[in-house]
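First the structure, in the form of structure tokens, and then the observations on it.
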Amino acid sequence: MGSWLRYRWSRLTLFLAIMGPGIITGNVDNDANGIATYSVAGAEFGYGLLWTLFFSTVTLALVQEMVARMGAVTGKGLADLIRERFRVRLTVLVMSILVLANWANTVGDFAGVAGSMEIFGVSRYLTVPLAALLVGVLVVRGSYRVVERVFLGATLIYVTYIVSAVLADPPWGQVLRATVTPAFRFEARYLALVVGLVGTTVAPWMQFYQQAAVVDKGIGEKDYAYARLDTYLGVISLNAVAFFIVVACGATLFVHGVRIQDAKDAAVALAPLAGQYASTLFAIGLLNAAVFSVAIIPLSTAYTVCEAFGWEAGLDRTVREAPIFVGLYTGMIVLSALVILVPGIPLIPVMLLSQVLNGILLPFVLIFIVLLINDRQVMGEYRNSKTLNVVSGLTILVIMVLTSLLLWTSVATL
């Protein structure tokens, strides 16, 4: 019995040491833009879109598992493999689109920082520069171990959305039935939110960041099983947060016919309907998600671009050792924050621009992943099985169709 307990404890200790890349990547996808989508879905259709989250979970798990496996087996980032396997010109094009898309995403997340604190009466001219300074110093001056622990701690704050949903007192039987019962409506707004909930779950920056983080942490083939578990936990936690946001807004805003435009509106509207505690917790969750994403998405950008062109990168590198890596990271943060500080700037077109660019880039990234994961020289015995290829191919086809629809609706809105 004692030896069995020691074995189990050693396995748990090893997993805790490896845990991080998957959970952080998954939770960062619940950024200010994502929370706004979940809030609007709950406010406009109640629990009617909860069924889409099951497909989102399976879809993201398939894609993120493949990049985690590639990182563990090859010891190289996705951008590095793309440059080696495909032409440099194509790599330059992909990186250019990725940088613009991630910049627009970061602008949206700084808008989330501003909006969440304005609920408490704090001006954006204080909170946005402060948030930019804090995340900049944390990443540039901190080691990988310290930064990862801070980010893992930040994931725990997402529990605020669970509490908000419980305080809203929804009819849980009705919620569970809606979750497992697909209900499709041929209405333009309904279809747009289906596409938004599923199509934006798989964002191009996520594949680049998670594979780079697996490599940066030194996770190898022998630890791959733990990296896969970490990936699945990240995907499940991402969609669990989305679930409770939809439930919270469905049980309050939808029931009372309250229409909203973004997550800030949802937090404010919850106060008279579910109580001040629910409203405050929702706002705190939005602030956490926005700051979390402001730190990670520029970091993903810096990792990806440096890997693509063979420049030094990594959280354990100094400014002198990796000047381009640090410069890209800080530049993304500063330029994104400055946009939010411009009086009267229209933010909706900037956020829609990020969706358009993600929609253009995602099909390329998914095709690269499938080709690389099946390359014998790259993956050896860790290539996809035929069954997994069929499932992945069908799933990616659905993602590409949904992304194309999202791209079309976003272009039409701009």
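Here, A, B, ... name the chains of the structure tokens in the order displayed, residue numbers run from 1 inside each chain, and ligands are numbered from 1 in the same displayed order.
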Per-residue nearest contacts of segment 10-52 of chain A to segment 110-126 of chain A (9 Å; only C-alpha atoms) as JSON lines:
```
{"residue": "A:Asp31", "atom": "CA", "partner": "A:Gly112", "partner_atom": "CA", "distance": 8.4}
{"residue": "A:Ala32", "atom": "CA", "partner": "A:Gly112", "partner_atom": "CA", "distance": 5.3}
{"residue": "A:Asn33", "atom": "CA", "partner": "A:Gly112", "partner_atom": "CA", "distance": 7.9}
```
Under the rule of at most 12 Å, produce a per-residue listing of segment 99-173 of chain A near segment 47-57 of chain A: chain, number, name, the closest pair of atoms, and the distance in Å, as JSON lines, using only C-alpha atoms.
```
{"residue": "A:Pro170", "atom": "CA", "partner": "A:Tyr47", "partner_atom": "CA", "distance": 10.0}
{"residue": "A:Pro171", "atom": "CA", "partner": "A:Tyr47", "partner_atom": "CA", "distance": 10.3}
{"residue": "A:Trp172", "atom": "CA", "partner": "A:Tyr47", "partner_atom": "CA", "distance": 10.4}
{"residue": "A:Gly173", "atom": "CA", "partner": "A:Tyr47", "partner_atom": "CA", "distance": 11.2}
```
So that I have them on file, write out the residues from the current selection with N, CA and C atoms, as a PDB file, in the first residue's frame.
```pdb
ATOM      1  N   PRO A 170     -30.317  29.970 -11.658  1.00  0.00           N
ATOM      2  CA  PRO A 170     -30.991  29.471 -12.867  1.00  0.00           C
ATOM      3  C   PRO A 170     -31.729  28.162 -12.603  1.00  0.00           C
ATOM      4  N   PRO A 171     -32.666  27.786 -13.469  1.00  0.00           N
ATOM      5  CA  PRO A 171     -33.318  26.471 -13.360  1.00  0.00           C
ATOM      6  C   PRO A 171     -32.365  25.405 -13.919  1.00  0.00           C
ATOM      7  N   TRP A 172     -31.613  24.736 -13.063  1.00  0.00           N
ATOM      8  CA  TRP A 172     -30.517  23.880 -13.512  1.00  0.00           C
ATOM      9  C   TRP A 172     -30.985  22.713 -14.378  1.00  0.00           C
ATOM     10  N   GLY A 173     -32.203  22.221 -14.148  1.00  0.00           N
ATOM     11  CA  GLY A 173     -32.719  21.149 -14.995  1.00  0.00           C
ATOM     12  C   GLY A 173     -32.865  21.609 -16.437  1.00  0.00           C
TER      13      GLY A 173
END
```
Handout entry: Minimum-distance residue to Val198 of chain A, chosen among A:Thr160, A:Thr74, A:Ser39, A:Asn239 (using only C-alpha atoms)
Key =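 Checking each of A:Thr160, A:Thr74, A:Ser39, A:Asn239 against Val198 of chain A, counting only C-alpha atoms, the winner is A:Asn239.
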Exercise for the section: Mind checking which residues fall within 12 Å of Tyr277 of chain A, counting only C-alpha atoms, ignoring those fewer than 3 positions away in the same chain, and posting them as a PyMOL selection string? Expected result: chain A and resi 160-161+163-168+267-268+270-274+280-284
Residues from the last selection, N, CA and C atoms, saved as a JSON list (two decimals), in the first residue's frame:
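File result.json, as written:
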```json
[["chain", "number", "residue", "atom", "x", "y", "z"],
["A", 160, "THR", "N", -14.95, 33.23, -10.40],
["A", 160, "THR", "CA", -15.94, 34.28, -10.18],
["A", 160, "THR", "C", -17.17, 34.11, -11.07],
["A", 161, "TYR", "N", -16.96, 33.57, -12.27],
["A", 161, "TYR", "CA", -18.10, 33.38, -13.18],
["A", 161, "TYR", "C", -18.99, 32.23, -12.71],
["A", 163, "VAL", "N", -19.49, 31.50, -9.53],
["A", 163, "VAL", "CA", -20.25, 32.08, -8.43],
["A", 163, "VAL", "C", -21.35, 33.01, -8.95],
["A", 164, "SER", "N", -21.03, 33.80, -9.99],
["A", 164, "SER", "CA", -22.04, 34.69, -10.58],
["A", 164, "SER", "C", -23.23, 33.90, -11.11],
["A", 165, "ALA", "N", -22.95, 32.76, -11.75],
["A", 165, "ALA", "CA", -24.02, 31.94, -12.29],
["A", 165, "ALA", "C", -24.88, 31.34, -11.17],
["A", 166, "VAL", "N", -24.25, 30.91, -10.09],
["A", 166, "VAL", "CA", -24.99, 30.34, -8.96],
["A", 166, "VAL", "C", -25.86, 31.42, -8.31],
["A", 167, "LEU", "N", -25.32, 32.63, -8.15],
["A", 167, "LEU", "CA", -26.09, 33.73, -7.56],
["A", 167, "LEU", "C", -27.29, 34.11, -8.44],
["A", 168, "ALA", "N", -27.19, 33.86, -9.74],
["A", 168, "ALA", "CA", -28.31, 34.16, -10.64],
["A", 168, "ALA", "C", -29.48, 33.19, -10.47],
["A", 267, "ALA", "N", -22.01, 43.07, -16.95],
["A", 267, "ALA", "CA", -21.66, 43.22, -15.54],
["A", 267, "ALA", "C", -22.53, 44.27, -14.87],
["A", 268, "VAL", "N", -22.75, 45.39, -15.54],
["A", 268, "VAL", "CA", -23.58, 46.47, -14.98],
["A", 268, "VAL", "C", -25.03, 46.01, -14.84],
["A", 270, "LEU", "N", -26.25, 43.09, -14.40],
["A", 270, "LEU", "CA", -26.49, 42.03, -13.43],
["A", 270, "LEU", "C", -26.86, 42.56, -12.05],
["A", 271, "ALA", "N", -26.42, 43.78, -11.71],
["A", 271, "ALA", "CA", -26.60, 44.31, -10.36],
["A", 271, "ALA", "C", -28.07, 44.32, -9.90],
["A", 272, "PRO", "N", -28.99, 44.92, -10.67],
["A", 272, "PRO", "CA", -30.39, 44.94, -10.19],
["A", 272, "PRO", "C", -31.11, 43.60, -10.36],
["A", 273, "LEU", "N", -30.52, 42.68, -11.13],
["A", 273, "LEU", "CA", -31.22, 41.42, -11.43],
["A", 273, "LEU", "C", -30.72, 40.25, -10.58],
["A", 274, "ALA", "N", -29.42, 40.18, -10.32],
["A", 274, "ALA", "CA", -28.85, 39.07, -9.55],
["A", 274, "ALA", "C", -28.12, 39.54, -8.30],
["A", 280, "THR", "N", -20.36, 42.52, -9.29],
["A", 280, "THR", "CA", -18.95, 42.79, -8.96],
["A", 280, "THR", "C", -18.05, 41.63, -9.36],
["A", 281, "LEU", "N", -18.50, 40.41, -9.08],
["A", 281, "LEU", "CA", -17.70, 39.24, -9.44],
["A", 281, "LEU", "C", -17.54, 39.12, -10.96],
["A", 282, "PHE", "N", -18.60, 39.44, -11.68],
["A", 282, "PHE", "CA", -18.54, 39.40, -13.14],
["A", 282, "PHE", "C", -17.51, 40.41, -13.66],
["A", 283, "ALA", "N", -17.51, 41.61, -13.07],
["A", 283, "ALA", "CA", -16.56, 42.65, -13.47],
["A", 283, "ALA", "C", -15.13, 42.26, -13.13],
["A", 284, "ILE", "N", -14.93, 41.64, -11.97],
["A", 284, "ILE", "CA", -13.59, 41.18, -11.57],
["A", 284, "ILE", "C", -13.09, 40.11, -12.53]]
```
Based on the backbone DSSP call, show me all residues of segment 87-321 of chain A assigned helix (DSSP H, G or I), as a CSV table (one decimal) with C-alpha atoms, in the first residue's frame.
```csv
chain,number,residue,atom,x,y,z
A,88,VAL,CA,10.2,31.5,-46.3
A,89,ARG,CA,7.9,33.9,-48.2
A,90,LEU,CA,4.9,32.0,-47.0
A,91,THR,CA,6.2,32.2,-43.5
A,92,VAL,CA,6.7,36.0,-43.8
A,93,LEU,CA,3.0,36.3,-45.0
A,94,VAL,CA,1.7,34.2,-42.1
A,95,MET,CA,3.7,36.1,-39.5
A,96,SER,CA,2.6,39.5,-40.9
A,97,ILE,CA,-1.1,38.5,-40.6
A,98,LEU,CA,-0.6,37.0,-37.2
A,99,VAL,CA,1.1,40.2,-35.8
A,100,LEU,CA,-1.8,42.4,-37.0
A,101,ALA,CA,-4.5,40.0,-35.7
A,102,ASN,CA,-2.8,39.7,-32.3
A,103,TRP,CA,-2.4,43.4,-32.1
A,104,ALA,CA,-6.1,43.9,-32.7
A,105,ASN,CA,-6.9,41.2,-30.2
A,106,THR,CA,-4.7,43.0,-27.6
A,107,VAL,CA,-6.4,46.3,-28.3
A,108,GLY,CA,-9.8,44.6,-27.5
A,109,ASP,CA,-8.4,43.2,-24.3
A,110,PHE,CA,-7.1,46.6,-23.2
A,111,ALA,CA,-10.7,47.8,-23.9
A,112,GLY,CA,-11.8,45.1,-21.4
A,113,VAL,CA,-9.4,46.4,-18.8
A,114,ALA,CA,-10.7,49.9,-19.3
A,115,GLY,CA,-14.4,48.9,-19.3
A,116,SER,CA,-14.1,46.6,-16.2
A,117,MET,CA,-12.5,49.3,-14.0
A,118,GLU,CA,-14.8,52.1,-15.3
A,124,ARG,CA,-8.9,54.2,-18.2
A,125,TYR,CA,-6.2,56.8,-18.2
A,126,LEU,CA,-5.0,55.3,-15.0
A,127,THR,CA,-5.9,51.6,-15.4
A,128,VAL,CA,-4.6,51.0,-18.9
A,129,PRO,CA,-1.1,52.4,-18.4
A,130,LEU,CA,-0.9,50.6,-15.1
A,131,ALA,CA,-1.9,47.3,-16.6
A,132,ALA,CA,0.6,47.7,-19.4
A,133,LEU,CA,3.4,48.5,-17.0
A,134,LEU,CA,2.6,45.6,-14.7
A,135,VAL,CA,2.4,42.9,-17.4
A,136,GLY,CA,5.4,44.4,-19.2
A,137,VAL,CA,7.6,44.2,-16.1
A,138,LEU,CA,6.3,40.8,-15.1
A,139,VAL,CA,7.2,39.2,-18.3
A,140,VAL,CA,10.4,41.1,-19.2
A,141,ARG,CA,11.9,40.9,-15.7
A,144,TYR,CA,9.6,31.4,-16.9
A,145,ARG,CA,8.8,29.7,-13.6
A,146,VAL,CA,7.7,32.9,-11.9
A,147,VAL,CA,5.6,34.1,-14.9
A,148,GLU,CA,3.9,30.7,-15.3
A,149,ARG,CA,3.0,30.6,-11.6
A,150,VAL,CA,1.4,34.0,-11.8
A,151,PHE,CA,-0.6,33.0,-14.8
A,152,LEU,CA,-1.7,29.8,-13.2
A,153,GLY,CA,-2.9,31.7,-10.2
A,154,ALA,CA,-4.8,34.1,-12.5
A,155,THR,CA,-6.8,31.1,-13.9
A,156,LEU,CA,-8.3,30.5,-10.5
A,159,VAL,CA,-14.2,30.9,-10.5
A,160,THR,CA,-15.9,34.3,-10.2
A,161,TYR,CA,-18.1,33.4,-13.2
A,162,ILE,CA,-19.2,30.1,-11.5
A,163,VAL,CA,-20.3,32.1,-8.4
A,164,SER,CA,-22.0,34.7,-10.6
A,165,ALA,CA,-24.0,31.9,-12.3
A,166,VAL,CA,-25.0,30.3,-9.0
A,167,LEU,CA,-26.1,33.7,-7.6
A,172,TRP,CA,-30.5,23.9,-13.5
A,173,GLY,CA,-32.7,21.1,-15.0
A,174,GLN,CA,-33.6,23.4,-18.0
A,175,VAL,CA,-29.9,24.4,-18.3
A,176,LEU,CA,-28.7,20.7,-18.5
A,177,ARG,CA,-31.4,19.8,-21.0
A,178,ALA,CA,-30.3,22.7,-23.2
A,179,THR,CA,-26.7,21.7,-22.9
A,180,VAL,CA,-27.2,18.2,-24.3
A,188,ALA,CA,-29.4,35.4,-39.0
A,189,ARG,CA,-28.5,36.6,-35.5
A,190,TYR,CA,-28.7,33.0,-34.1
A,191,LEU,CA,-26.4,31.7,-36.8
A,192,ALA,CA,-24.0,34.6,-36.3
A,193,LEU,CA,-23.6,33.7,-32.6
A,194,VAL,CA,-23.2,30.0,-33.3
A,195,VAL,CA,-20.4,30.9,-35.6
A,196,GLY,CA,-19.0,33.3,-33.0
A,197,LEU,CA,-19.1,30.7,-30.2
A,198,VAL,CA,-17.5,27.9,-32.2
A,199,GLY,CA,-15.5,29.6,-34.9
A,204,PRO,CA,-4.3,31.0,-34.4
A,205,TRP,CA,-2.2,32.4,-31.6
A,206,MET,CA,-3.2,29.5,-29.4
A,207,GLN,CA,-1.5,26.9,-31.5
A,208,PHE,CA,1.7,28.9,-31.7
A,209,TYR,CA,1.8,29.8,-28.0
A,210,GLN,CA,1.1,26.3,-26.6
A,211,GLN,CA,3.7,24.6,-28.7
A,212,ALA,CA,6.3,27.3,-27.9
A,213,ALA,CA,5.5,27.0,-24.2
A,214,VAL,CA,5.9,23.2,-24.3
A,215,VAL,CA,9.3,23.6,-25.8
A,216,ASP,CA,10.3,26.5,-23.5
A,221,GLU,CA,8.5,12.7,-25.4
A,222,LYS,CA,8.6,10.8,-22.1
A,223,ASP,CA,6.4,13.5,-20.5
A,224,TYR,CA,4.0,13.8,-23.4
A,225,ALA,CA,1.1,12.0,-21.6
A,226,TYR,CA,1.1,14.6,-18.9
A,227,ALA,CA,1.3,17.4,-21.4
A,228,ARG,CA,-1.8,15.9,-23.1
A,229,LEU,CA,-3.7,15.9,-19.8
A,230,ASP,CA,-2.7,19.5,-19.2
A,231,THR,CA,-4.0,20.3,-22.7
A,232,TYR,CA,-7.4,18.6,-22.0
A,233,LEU,CA,-7.8,20.3,-18.7
A,234,GLY,CA,-7.2,23.7,-20.3
A,235,VAL,CA,-9.8,23.0,-23.0
A,236,ILE,CA,-12.4,21.8,-20.4
A,237,SER,CA,-11.8,24.8,-18.1
A,238,LEU,CA,-12.1,27.2,-21.1
A,239,ASN,CA,-15.5,25.9,-22.1
A,240,ALA,CA,-16.7,25.5,-18.4
A,241,VAL,CA,-16.1,29.3,-18.0
A,242,ALA,CA,-18.0,29.9,-21.2
A,243,PHE,CA,-20.9,27.7,-19.9
A,244,PHE,CA,-21.3,29.6,-16.7
A,245,ILE,CA,-21.1,33.0,-18.4
A,246,VAL,CA,-24.0,32.0,-20.7
A,247,VAL,CA,-25.9,30.6,-17.8
A,248,ALA,CA,-25.5,33.8,-15.7
A,249,CYS,CA,-26.6,36.0,-18.5
A,250,GLY,CA,-29.4,33.7,-19.6
A,251,ALA,CA,-30.9,33.4,-16.1
A,252,THR,CA,-31.0,37.2,-15.7
A,253,LEU,CA,-30.6,39.4,-18.8
A,254,PHE,CA,-32.5,37.1,-21.2
A,263,ALA,CA,-19.2,42.2,-21.3
A,264,LYS,CA,-19.1,45.6,-19.4
A,265,ASP,CA,-22.8,46.0,-20.2
A,266,ALA,CA,-23.5,42.5,-18.8
A,267,ALA,CA,-21.7,43.2,-15.5
A,268,VAL,CA,-23.6,46.5,-15.0
A,269,ALA,CA,-27.0,44.9,-15.9
A,270,LEU,CA,-26.5,42.0,-13.4
A,271,ALA,CA,-26.6,44.3,-10.4
A,272,PRO,CA,-30.4,44.9,-10.2
A,273,LEU,CA,-31.2,41.4,-11.4
A,274,ALA,CA,-28.9,39.1,-9.6
A,276,GLN,CA,-24.4,43.6,-6.5
A,277,TYR,CA,-22.2,40.6,-5.6
A,278,ALA,CA,-22.9,38.9,-8.9
A,279,SER,CA,-22.2,42.1,-10.8
A,280,THR,CA,-19.0,42.8,-9.0
A,281,LEU,CA,-17.7,39.2,-9.4
A,282,PHE,CA,-18.5,39.4,-13.1
A,283,ALA,CA,-16.6,42.7,-13.5
A,284,ILE,CA,-13.6,41.2,-11.6
A,285,GLY,CA,-13.6,38.2,-13.9
A,286,LEU,CA,-13.6,40.5,-16.9
A,287,LEU,CA,-10.7,42.5,-15.5
A,288,ASN,CA,-8.7,39.3,-14.8
A,289,ALA,CA,-9.4,37.9,-18.3
A,290,ALA,CA,-8.4,41.1,-20.0
A,291,VAL,CA,-5.1,41.5,-18.1
A,292,PHE,CA,-4.3,37.8,-18.5
A,293,SER,CA,-4.8,38.1,-22.3
A,294,VAL,CA,-2.9,41.4,-22.5
A,295,ALA,CA,0.1,39.5,-21.1
A,296,ILE,CA,-0.2,36.3,-23.1
A,297,ILE,CA,-1.2,37.3,-26.6
A,298,PRO,CA,1.8,39.7,-27.1
A,299,LEU,CA,4.0,37.0,-25.6
A,300,SER,CA,2.7,34.5,-28.1
A,301,THR,CA,3.4,37.0,-30.9
A,302,ALA,CA,7.0,37.5,-29.8
A,303,TYR,CA,7.6,33.8,-29.4
A,304,THR,CA,6.1,33.0,-32.8
A,305,VAL,CA,7.9,35.7,-34.9
A,306,CYS,CA,11.3,35.0,-33.3
A,307,GLU,CA,10.9,31.2,-33.9
A,308,ALA,CA,9.9,31.8,-37.5
A,309,PHE,CA,13.1,33.7,-38.3
```
